[in-house]
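K.L.:
query_25.txt is reproduced below (compact mmCIF, C-alpha atoms).
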# COMPACT_ATOMS: atom_id res chain seq x y z
CA MET A 89 -16.13 -9.82 32.53
CA LYS A 90 -14.40 -13.08 31.84
CA LEU A 91 -11.63 -13.15 29.28
CA GLY A 92 -13.34 -15.96 27.40
CA ARG A 93 -16.44 -13.81 26.84
CA LEU A 94 -14.22 -11.00 25.57
CA TRP A 95 -12.59 -13.29 23.00
CA ASN A 96 -15.99 -14.63 22.00
CA SER A 97 -17.29 -11.13 21.40
CA LEU A 98 -14.30 -10.53 19.13
CA ALA A 99 -15.31 -13.53 17.02
CA ASN A 100 -18.32 -11.70 15.59
CA PRO A 101 -17.34 -10.11 12.27
CA LYS A 102 -19.84 -7.27 12.71
CA ARG A 103 -18.04 -5.97 15.79
CA ILE A 104 -14.59 -5.95 14.22
CA PRO A 105 -14.81 -2.60 12.36
CA ARG A 106 -15.99 -0.91 15.56
CA VAL A 107 -13.19 -2.44 17.65
CA PHE A 108 -10.68 -1.43 15.03
CA SER A 109 -12.01 2.13 14.84
CA ILE A 110 -11.90 2.53 18.62
CA ILE A 111 -8.30 1.32 18.81
CA LEU A 112 -7.35 3.58 15.89
CA GLY A 113 -9.06 6.56 17.56
CA VAL A 114 -7.22 5.99 20.83
CA ILE A 115 -3.86 5.74 19.06
CA LEU A 116 -4.55 8.86 16.99
CA LEU A 117 -5.46 10.77 20.15
CA THR A 118 -2.22 9.72 21.85
CA GLY A 119 -0.50 11.14 18.79
CA PHE A 120 -1.23 14.61 20.15
CA LEU A 121 1.07 13.86 23.09
CA ILE A 122 4.00 12.91 20.88
CA PRO A 123 6.59 15.69 20.58
CA MET A 124 6.98 16.80 16.98
CA ALA A 125 10.41 16.04 15.62
CA LEU A 126 10.60 16.85 11.94
CA ASN A 127 13.60 16.18 9.78
CA ASP A 128 13.92 19.03 7.32
CA ASN A 129 17.11 17.92 5.55
CA GLN A 130 15.12 16.86 2.53
CA LEU A 131 13.05 20.01 2.06
CA TYR A 132 13.60 21.99 -1.10
CA PRO A 133 15.61 25.15 -0.51
CA ARG A 134 13.20 28.04 -0.80
CA PRO A 135 13.83 31.74 -1.21
CA VAL A 136 12.94 34.18 1.56
CA PRO A 137 9.17 34.80 1.63
CA GLN A 138 8.06 37.69 -0.62
CA GLU A 139 11.51 37.88 -2.20
CA GLN A 140 10.38 36.65 -5.61
CA ILE A 141 7.22 38.76 -5.43
CA ASN A 142 9.19 41.91 -4.70
CA GLN A 143 11.37 41.15 -7.71
CA GLY A 144 8.25 41.15 -9.90
CA ASN A 145 8.74 37.52 -10.92
CA PRO A 146 5.52 36.28 -12.59
CA LEU A 147 6.13 32.72 -11.33
CA ALA A 148 6.45 33.82 -7.68
CA PRO A 149 6.49 32.03 -5.28
CA TYR A 150 7.12 28.89 -7.33
CA ASP A 151 10.07 29.90 -9.48
CA ARG A 152 12.79 27.28 -9.20
CA GLY A 153 15.05 28.48 -11.95
CA GLY A 154 16.56 26.26 -14.58
CA GLU A 155 16.16 26.11 -18.33
CA VAL A 156 14.17 23.38 -20.07
CA LEU A 157 16.44 20.48 -21.13
CA LYS A 158 19.58 22.55 -20.56
CA GLU A 159 20.03 23.59 -16.97
CA PRO A 160 18.43 21.82 -13.95
CA GLY A 161 16.20 23.77 -11.59
CA ILE A 162 16.29 23.51 -7.82
CA VAL A 163 15.08 19.98 -7.00
CA LYS A 164 16.31 17.63 -4.31
CA SER A 165 16.14 13.87 -4.45
CA GLN A 166 17.24 10.95 -2.31
CA TYR A 167 19.58 9.35 -4.81
CA PRO A 168 20.73 12.05 -7.26
CA GLN A 169 23.18 9.60 -8.84
CA ASN A 170 20.21 7.58 -10.17
CA GLU A 171 18.62 10.59 -11.83
CA PRO A 172 21.18 12.47 -13.93
CA ASN A 173 18.50 14.51 -15.73
CA LEU A 174 16.55 15.56 -12.62
CA GLY A 175 15.25 19.13 -12.71
CA LYS A 176 15.66 19.66 -16.42
CA ILE A 177 11.94 20.03 -17.16
CA THR A 178 11.06 21.78 -13.90
CA SER A 179 10.77 25.14 -15.65
CA TYR A 180 8.64 23.85 -18.52
CA LEU A 181 5.58 25.96 -19.34
CA THR A 182 2.98 25.32 -22.01
CA PRO A 183 2.56 27.94 -24.76
CA ILE A 184 -0.67 29.14 -23.10
CA ALA A 185 1.11 29.43 -19.76
CA ILE A 186 3.90 31.43 -21.38
CA SER A 187 1.40 33.92 -22.86
CA VAL A 188 -0.35 34.27 -19.50
CA LYS A 189 2.99 34.69 -17.77
CA ASN A 190 3.92 37.50 -20.13
CA SER A 191 0.65 39.35 -19.57
CA THR A 192 0.45 39.32 -15.76
CA ILE A 193 2.87 39.17 -12.85
CA TYR A 194 0.45 37.17 -10.70
CA TYR A 195 0.68 33.97 -12.72
CA GLY A 196 2.34 31.99 -9.91
CA THR A 197 -0.46 32.64 -7.44
CA SER A 198 -3.36 32.36 -9.88
CA ILE A 199 -5.63 29.39 -9.53
CA TYR A 200 -4.93 27.85 -12.94
CA SER A 201 -1.15 27.84 -12.67
CA SER A 202 0.92 24.75 -12.22
CA PRO A 203 4.50 25.24 -11.13
CA GLY A 204 6.04 24.00 -14.34
CA GLY A 205 6.52 20.29 -14.71
CA LEU A 206 7.60 20.05 -11.11
CA ILE A 207 4.94 17.80 -9.64
CA ASP A 208 4.91 15.52 -12.66
CA GLU A 209 8.66 15.36 -12.70
CA ILE A 210 9.00 14.42 -9.04
CA LEU A 211 6.23 11.84 -9.33
CA TYR A 212 7.13 10.21 -12.61
CA TYR A 213 10.90 10.58 -12.70
CA THR A 214 12.04 10.00 -9.14
CA ARG A 215 9.15 7.89 -7.84
CA GLY A 216 7.76 6.35 -11.01
CA PHE A 217 7.08 2.94 -9.49
CA ASP A 218 4.65 4.54 -7.02
CA THR A 219 2.41 5.79 -9.82
CA VAL A 220 2.44 2.33 -11.41
CA LEU A 221 1.36 0.74 -8.12
CA GLU A 222 -1.31 3.35 -7.41
CA SER A 223 -2.92 2.82 -10.79
CA THR A 224 -2.64 -0.96 -10.27
CA ILE A 225 -4.66 -0.63 -7.06
CA LEU A 226 -7.28 1.40 -8.92
CA ILE A 227 -7.52 -0.99 -11.85
CA MET A 228 -7.83 -4.02 -9.55
CA ALA A 229 -10.64 -2.30 -7.66
CA PHE A 230 -12.38 -1.63 -10.98
CA VAL A 231 -11.86 -5.24 -12.12
CA ILE A 232 -13.48 -6.57 -8.93
CA ALA A 233 -16.32 -4.04 -8.94
CA SER A 234 -17.16 -4.54 -12.61
CA TRP A 235 -16.99 -8.34 -12.35
CA VAL A 236 -19.34 -8.34 -9.39
CA ALA A 237 -21.65 -5.81 -11.04
CA LEU A 238 -21.84 -7.77 -14.29
CA ASN A 239 -22.15 -11.27 -12.89
CA PHE A 240 -24.53 -10.54 -10.05
CA THR A 241 -26.91 -8.40 -12.11
CA MET A 242 -26.93 -8.75 -15.92
CA ARG A 243 -25.54 -12.27 -16.29
CA ARG A 244 -27.11 -13.66 -13.19
CA GLU A 245 -28.19 -17.30 -13.42
CA ASP A 246 -31.03 -18.02 -11.06
CA GLU A 247 -30.58 -21.13 -9.02
CA MET S 183 19.37 -2.89 13.80
CA ASP S 184 21.14 -2.75 10.51
CA ILE S 185 20.08 -4.65 7.44
CA ALA S 186 22.94 -7.13 7.54
CA THR S 187 22.03 -8.35 11.06
CA LEU S 188 18.40 -8.91 10.13
CA GLY S 189 18.52 -10.15 6.59
CA GLY S 190 22.06 -11.32 6.03
CA GLN S 191 24.62 -9.96 3.64
CA LEU S 192 23.49 -7.21 1.27
CA LEU S 193 23.68 -8.89 -2.13
CA GLY S 194 22.83 -5.96 -4.36
CA GLN S 195 20.50 -3.10 -5.19
CA ILE S 196 18.03 -2.41 -7.99
CA PRO S 197 17.84 1.37 -8.42
CA LEU S 198 14.54 2.67 -9.87
CA GLY S 199 15.02 6.40 -9.40
CA ASP S 200 14.45 7.24 -5.76
CA ILE S 201 13.02 3.78 -5.15
CA VAL S 202 15.90 1.42 -4.50
CA LEU S 203 15.17 -2.25 -3.97
CA TYR S 204 17.75 -4.15 -1.98
CA LEU S 205 18.44 -7.86 -2.03
CA THR S 206 19.36 -9.85 1.06
CA PRO S 207 19.10 -13.64 1.49
CA PHE S 208 16.08 -13.08 3.81
CA ASN S 209 14.19 -10.97 1.25
CA LEU S 210 15.14 -13.17 -1.67
CA PHE S 211 13.99 -16.32 0.12
CA MET S 212 10.53 -14.87 0.81
CA PHE S 213 10.36 -13.35 -2.69
CA VAL S 214 11.14 -16.66 -4.39
CA GLY S 215 8.82 -18.51 -2.00
CA ALA S 216 5.92 -16.21 -2.87
CA LEU S 217 6.65 -16.60 -6.59
CA ILE S 218 6.80 -20.42 -6.36
CA PHE S 219 3.49 -20.51 -4.51
CA THR S 220 1.93 -18.17 -7.07
CA THR S 221 3.04 -20.48 -9.87
CA LEU S 222 1.54 -23.46 -8.07
CA ILE S 223 -1.74 -21.59 -7.68
CA ALA S 224 -1.79 -20.55 -11.32
CA ILE S 225 -1.62 -24.16 -12.52
CA SER S 226 -3.79 -25.86 -9.90
CA ARG S 227 -7.51 -26.62 -9.79
CA THR S 228 -9.89 -25.80 -6.98
CA GLU S 229 -11.11 -28.16 -4.30
CA THR S 230 -14.71 -29.35 -4.07
CA GLN S 231 -16.43 -29.24 -0.72
CA VAL S 232 -18.70 -32.21 0.01
CA GLU S 233 -21.59 -31.60 2.37
CA ALA S 234 -23.90 -34.32 3.69
CA GLU S 235 -27.52 -33.58 2.86
CA PHE S 236 -29.98 -33.55 5.73
CA GLY S 237 -32.72 -36.15 5.59
CA SER S 238 -31.26 -38.23 2.79
CA LEU S 239 -28.18 -40.29 2.02
CA ASN S 240 -26.97 -38.07 -0.81
CA ASP S 241 -23.97 -35.77 -0.76
CA ASN S 242 -24.06 -32.18 -1.90
CA GLU S 243 -20.96 -31.02 -3.80
CA VAL S 244 -20.15 -27.33 -3.60
CA LYS S 245 -18.13 -26.54 -6.73
CA VAL S 246 -16.64 -23.41 -8.17
CA GLY S 247 -18.08 -22.38 -11.54
CA LEU S 248 -15.81 -21.71 -14.51
CA LYS S 249 -16.32 -17.92 -14.64
CA GLU S 250 -15.79 -17.66 -10.88
CA PHE S 251 -12.73 -19.89 -11.19
CA LYS S 252 -11.17 -17.64 -13.84
CA ILE S 253 -11.60 -14.34 -11.99
CA ARG S 254 -10.47 -15.84 -8.71
CA ARG S 255 -7.39 -17.37 -10.29
CA PHE S 256 -6.50 -14.02 -11.89
CA LEU S 257 -6.93 -12.13 -8.62
CA ALA S 258 -5.00 -14.79 -6.68
CA VAL S 259 -2.07 -14.59 -9.11
CA VAL S 260 -1.98 -10.78 -8.87
CA CYS S 261 -2.17 -11.11 -5.08
CA GLY S 262 0.80 -13.48 -5.16
CA LEU S 263 2.80 -11.07 -7.31
CA ALA S 264 1.93 -8.17 -5.01
CA THR S 265 3.10 -10.25 -2.04
CA ALA S 266 6.36 -11.04 -3.82
CA GLY S 267 6.80 -7.33 -4.53
CA ALA S 268 6.18 -6.42 -0.90
CA MET S 269 8.88 -8.90 0.11
CA ILE S 270 11.60 -7.34 -1.99
CA THR S 271 10.78 -3.63 -1.96
CA GLY S 272 13.18 -1.26 -0.24
CA ASP S 273 10.85 1.69 0.12
CA VAL S 274 8.36 2.24 2.94
CA PHE S 275 5.74 3.92 0.76
CA ASN S 276 5.96 1.19 -1.88
CA PHE S 277 5.50 -1.38 0.84
CA THR S 278 2.31 0.31 2.08
CA LEU S 279 0.99 0.57 -1.48
CA LEU S 280 1.56 -3.15 -2.03
CA VAL S 281 -0.13 -3.97 1.29
CA ALA S 282 -3.15 -1.88 0.24
CA LEU S 283 -3.19 -3.76 -3.08
CA ILE S 284 -3.13 -7.09 -1.23
CA GLY S 285 -6.03 -5.93 0.95
CA ILE S 286 -8.20 -5.06 -2.04
CA LEU S 287 -7.35 -8.33 -3.82
CA ASN S 288 -8.24 -10.32 -0.70
CA ILE S 289 -11.75 -8.88 -0.85
CA GLY S 290 -11.90 -9.60 -4.57
CA ILE S 291 -10.93 -13.25 -4.18
CA VAL S 292 -13.96 -13.93 -2.00
CA SER S 293 -16.30 -11.40 -3.63
CA ALA S 294 -17.39 -13.89 -6.32
CA VAL S 295 -18.78 -16.54 -3.97
CA LYS S 296 -22.47 -17.13 -3.37
CA GLN S 297 -22.47 -17.93 0.37
CA ILE S 298 -24.17 -15.05 2.16
CA ASP S 299 -22.22 -15.43 5.42
CA VAL S 300 -18.94 -15.25 3.55
CA LEU S 301 -20.04 -12.14 1.67
CA ASN S 302 -21.11 -10.46 4.90
CA ALA S 303 -17.72 -11.21 6.46
CA ALA S 304 -15.96 -9.93 3.33
CA PHE S 305 -17.99 -6.72 3.57
CA GLN S 306 -16.87 -6.19 7.16
CA TYR S 307 -13.29 -6.96 6.13
CA GLY S 308 -13.62 -4.40 3.35
CA LEU S 309 -14.68 -1.79 5.91
CA ILE S 310 -11.59 -2.53 8.00
CA ALA S 311 -9.34 -2.46 4.95
CA MET S 312 -10.71 0.97 4.07
CA ILE S 313 -10.31 2.31 7.61
CA ALA S 314 -6.83 0.80 7.82
CA SER S 315 -5.59 2.74 4.81
CA LEU S 316 -5.59 5.86 7.00
CA PRO S 317 -3.02 4.61 9.59
CA LEU S 318 -1.15 2.73 6.86
CA PHE S 319 -0.41 5.72 4.63
CA GLY S 320 -0.40 8.11 7.59
CA GLY S 321 2.31 6.01 9.21
CA ALA S 322 4.41 6.10 6.05
CA ALA S 323 3.89 9.87 5.80
CA ILE S 324 4.98 10.43 9.42
CA ILE S 325 8.02 8.23 8.85
CA LEU S 326 8.90 10.48 5.91
CA ALA S 327 8.34 13.60 8.03
CA SER S 328 10.40 12.40 10.99
CA THR S 329 13.29 10.73 9.17
CA GLY S 330 13.35 12.79 6.01
CA THR S 331 13.46 9.75 3.76
CA LEU S 332 11.38 6.77 2.69
CA SER S 333 14.25 4.56 1.58
CA ILE S 334 14.88 1.75 4.06
CA LEU S 335 18.58 1.75 3.18
CA GLU S 336 18.82 5.39 4.29
CA ILE S 337 16.68 4.87 7.40
CA ALA S 338 18.97 2.01 8.46
CA GLN S 339 21.92 4.41 8.48
CA LEU S 340 20.23 6.95 10.80
CA SER S 341 21.82 6.93 14.23
CA PHE S 342 18.83 8.24 16.22
CA THR S 343 15.21 7.36 16.90
CA THR S 344 12.59 9.87 17.99
CA PRO S 345 9.20 9.31 19.69
CA MET S 346 7.60 10.43 16.46
CA MET S 347 9.22 7.55 14.58
CA PHE S 348 7.87 5.17 17.20
CA PHE S 349 4.39 6.67 16.81
CA ALA S 350 4.66 6.29 13.04
CA SER S 351 5.60 2.63 13.43
CA LEU S 352 2.61 2.16 15.72
CA LEU S 353 0.32 3.61 13.07
CA LEU S 354 2.01 1.49 10.40
CA ILE S 355 1.58 -1.76 12.33
CA LEU S 356 -2.07 -0.89 13.06
CA GLY S 357 -2.66 -0.29 9.36
CA ILE S 358 -0.97 -3.56 8.43
CA ALA S 359 -2.94 -5.40 11.12
CA GLY S 360 -6.16 -4.04 9.64
CA GLU S 361 -5.26 -4.77 6.03
CA THR S 362 -4.04 -8.29 6.71
CA GLY S 363 -6.61 -9.11 9.39
CA ILE S 364 -4.40 -10.51 12.13
CA ALA S 365 -5.49 -10.85 15.75
CA PRO S 366 -7.49 -9.26 17.31
CA PHE S 367 -9.20 -8.45 14.01
CA TYR S 368 -9.17 -12.03 12.74
CA ALA S 369 -12.89 -12.79 12.85
CA THR S 370 -13.73 -11.34 9.44
CA LYS S 371 -10.94 -13.19 7.68
CA ALA S 372 -11.68 -16.45 9.48
CA GLU S 373 -15.26 -16.31 8.18
CA MET S 374 -14.03 -15.60 4.67
CA PHE S 375 -12.34 -19.01 4.45
CA ARG S 376 -15.62 -20.92 4.71
CA THR S 377 -16.00 -21.18 0.99
CA PRO S 378 -14.78 -23.64 -1.67
CA GLY S 379 -11.86 -22.78 -3.91
CA SER S 380 -9.00 -23.72 -1.66
CA PRO S 381 -5.72 -22.73 -3.37
CA PHE S 382 -7.04 -19.21 -3.95
CA ILE S 383 -8.17 -18.92 -0.37
CA ILE S 384 -4.75 -20.02 0.87
CA ILE S 385 -3.04 -17.07 -0.86
CA ILE S 386 -5.04 -14.77 1.45
CA HIS S 387 -3.40 -16.50 4.41
CA LEU S 388 0.03 -16.65 2.88
CA SER S 389 0.09 -13.00 1.82
CA SER S 390 -0.92 -11.87 5.34
CA LEU S 391 1.76 -14.07 6.88
CA LEU S 392 4.59 -12.91 4.63
CA VAL S 393 3.55 -9.25 4.91
CA ILE S 394 3.64 -9.47 8.70
CA VAL S 395 7.13 -11.01 8.66
CA ARG S 396 8.39 -8.32 6.31
CA ALA S 397 6.66 -5.55 8.32
CA ILE S 398 8.46 -6.71 11.46
CA GLU S 399 11.78 -6.48 9.62
CA ILE S 400 10.98 -2.93 8.45
CA LEU S 401 9.84 -1.82 11.91
CA LEU S 402 13.01 -3.23 13.51
CA ILE S 403 15.10 -1.33 10.98
CA ILE S 404 13.18 1.91 11.66
CA ASN S 405 13.15 1.73 15.45
CA LYS S 406 16.50 0.01 16.17
CA PRO S 407 15.46 -1.42 19.57
CA PHE S 408 18.69 -3.32 20.13
Once you've parsed the file, please lay out its structure as structure tokens.

P.N.:
Amino acid sequence: MKLGRLWNSLANPKRIPRVFSIILGVILLTGFLIPMALNDNQLYPRPVPQEQINQGNPLAPYDRGGEVLKEPGIVKSQYPQNEPNLGKITSYLTPIAISVKNSTIYYGTSIYSSPGGLIDEILYYTRGFDTVLESTILIMAFVIASWVALNFTMRREDE
Amino acid sequence: MDIATLGGQLLGQIPLGDIVLYLTPFNLFMFVGALIFTTLIAISRTETQVEAEFGSLNDNEVKVGLKEFKIRRFLAVVCGLATAGAMITGDVFNFTLLVALIGILNIGIVSAVKQIDVLNAAFQYGLIAMIASLPLFGGAAIILASTGTLSILEIAQLSFTTPMMFFASLLLILGIAGETGIAPFYATKAEMFRTPGSPFIIIIHLSSLLVIVRAIEILLIINKPF
């Protein structure tokens, strides 16, 4: 096939998603050949498996220690000097969670548990700008979709 | 390559928790350029395309209606701000989020037109932008897994590169190519420009261009080829 025909076939917008998907599929498949090299310096230090469960800790395996607003729990961050209060709400539990915690030792592995304020704290305190941007993407998508829906259906002016 | 070789002297940092923006003359120049162009777009009016009518001597003017003008101006200004943010950010994941935002806004800018060809092309571009979010965010995630950090300042200080980091950069550049619609995926974006409303259409071009330049800087910092 001539190169010119190849370029011409790329000029059809309908073919572009297919071409892109094929290239993406090939690259993802080559990913299986890449040797895994993970950097685990940033992982949170975790206790030995089953250690907290054997101690009868109701928050096992998610207990990170700490006391709300007084003593930070075990949390790592990239720039600790920017976040002096990091980890101080990691051990926060709602009143309902505290009552459940006192009644059973399987609170940490039950389906309704959340490991304290940990996820919220990491998201909103250390990477707060990410959440702002994510919701900006969502709201822009809603703006576009609702504008198109309104102006091409209800407020449509026939020409 | 370290940051000083690529972008010039490190002028300062803006710490936002774990997200630290850094300022170099290179970043600042593109940041201010994107902001100036956004201001120009916000105060300018759209072009009018003049088409010759077949079979008569009249001209047909293709104008942009007021409602269409307002939504397109709004989306173009947000697109300009997102581009400016992508120029100055110092965090790989923030950069990918801003690129995804630019991709969605590019569809929005042309979604209000009435030309069917343009809408078809925008639909195909939307498909690519959706598919491209997989390699885009996947690339950022693999960069985090293989380097242990997302901050470009920290990545620049690493002394090693691994094949996994190269694979992550490959995914990242594929995602950016899909979101910005550069060659060989240009056909959808080229069709999208065949509509009136010029200054808002130009921001689609400009954002792609600046994002590519910035992406090359980030990939050189990650992979350190020299």

K.L.:
With 10 Å as the cut-off and all atoms listed in the file counted, what is the closest atom pair between each nearby residue of range 247-331 of chain S and range 227-243 of chain A? Distances in Å to one decimal, ordered by chain and number, as a Markdown table.

P.N.:
| residue | atom | partner | partner_atom | distance |
| --- | --- | --- | --- | --- |
| S:Lys249 | CA | A:Asn239 | CA | 9.0 |
| S:Glu250 | CA | A:Asn239 | CA | 9.2 |
| S:Ile253 | CA | A:Trp235 | CA | 8.1 |
| S:Arg254 | CA | A:Ile232 | CA | 9.7 |
| S:Leu257 | CA | A:Met228 | CA | 8.2 |
| S:Val260 | CA | A:Met228 | CA | 9.0 |
| S:Leu283 | CA | A:Met228 | CA | 8.0 |
| S:Ile286 | CA | A:Ala229 | CA | 6.7 |
| S:Leu287 | CA | A:Met228 | CA | 7.2 |
| S:Ile289 | CA | A:Ile232 | CA | 8.6 |
| S:Gly290 | CA | A:Ile232 | CA | 5.5 |
| S:Ile291 | CA | A:Ile232 | CA | 8.6 |
| S:Ser293 | CA | A:Val236 | CA | 7.2 |
| S:Ala294 | CA | A:Val236 | CA | 6.6 |
| S:Val295 | CA | A:Val236 | CA | 9.8 |
| S:Lys296 | CA | A:Phe240 | CA | 9.6 |

K.L.:
Select residues of chain S: the criterion is any atom within 7 Å of an atom of chain A, counting all atoms listed in the file; output as an mmCIF file with C-alpha atoms, keeping the file's coordinate frame.

P.N.:
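Contents of the output file iface26.cif:
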data_model
loop_
_atom_site.group_PDB
_atom_site.id
_atom_site.type_symbol
_atom_site.label_atom_id
_atom_site.label_comp_id
_atom_site.auth_asym_id
_atom_site.auth_seq_id
_atom_site.Cartn_x
_atom_site.Cartn_y
_atom_site.Cartn_z
ATOM 1 C CA PRO S 197 17.840 1.370 -8.420
ATOM 2 C CA GLY S 199 15.020 6.400 -9.400
ATOM 3 C CA ASP S 200 14.450 7.240 -5.760
ATOM 4 C CA ILE S 201 13.020 3.780 -5.150
ATOM 5 C CA ASN S 276 5.960 1.190 -1.880
ATOM 6 C CA LEU S 279 0.990 0.570 -1.480
ATOM 7 C CA LEU S 283 -3.190 -3.760 -3.080
ATOM 8 C CA ILE S 286 -8.200 -5.060 -2.040
ATOM 9 C CA GLY S 290 -11.900 -9.600 -4.570
ATOM 10 C CA ALA S 294 -17.390 -13.890 -6.320
ATOM 11 C CA ALA S 303 -17.720 -11.210 6.460
ATOM 12 C CA GLN S 306 -16.870 -6.190 7.160
ATOM 13 C CA LEU S 309 -14.680 -1.790 5.910
ATOM 14 C CA ILE S 310 -11.590 -2.530 8.000
ATOM 15 C CA ALA S 327 8.340 13.600 8.030
ATOM 16 C CA SER S 328 10.400 12.400 10.990
ATOM 17 C CA THR S 329 13.290 10.730 9.170
ATOM 18 C CA GLY S 330 13.350 12.790 6.010
ATOM 19 C CA THR S 344 12.590 9.870 17.990
ATOM 20 C CA PRO S 345 9.200 9.310 19.690
ATOM 21 C CA MET S 346 7.600 10.430 16.460
ATOM 22 C CA PHE S 349 4.390 6.670 16.810
ATOM 23 C CA PHE S 367 -9.200 -8.450 14.010
ATOM 24 C CA ALA S 369 -12.890 -12.790 12.850
ATOM 25 C CA THR S 370 -13.730 -11.340 9.440
#

K.L.:
Find the axis-aligned box for range 244-255 of chain S, covering all its listed atoms and adding 3 Å on each side, and write its centre and edge lengths in Å to one decimal as AutoDock Vina command-line options.

P.N.:
--center_x -13.8 --center_y -20.8 --center_z -9.1 --size_x 18.8 --size_y 19.0 --size_z 17.0

K.L.:
Rank S:Thr278, S:Ile223, S:Asn405, S:Asn209 by their smallest atom-to-atom distance to Phe251 in chain S, using all atoms listed in the file, and report the top residue only.

P.N.:
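So, comparing all the options, the nearest one is S:Ile223.
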
K.L.:
List as a list in words the protein and nucleic acid residues near range 187-199 of chain A, meaning an atom at most 10 Å away when all atoms listed in the file are counted, but skip any in the same chain fewer than 6 places from it.

P.N.:
Ile141, Gly144, Asn145, Pro146, Leu147, Ala148, Pro149, Tyr150, Asp151 and Leu181 of chain A
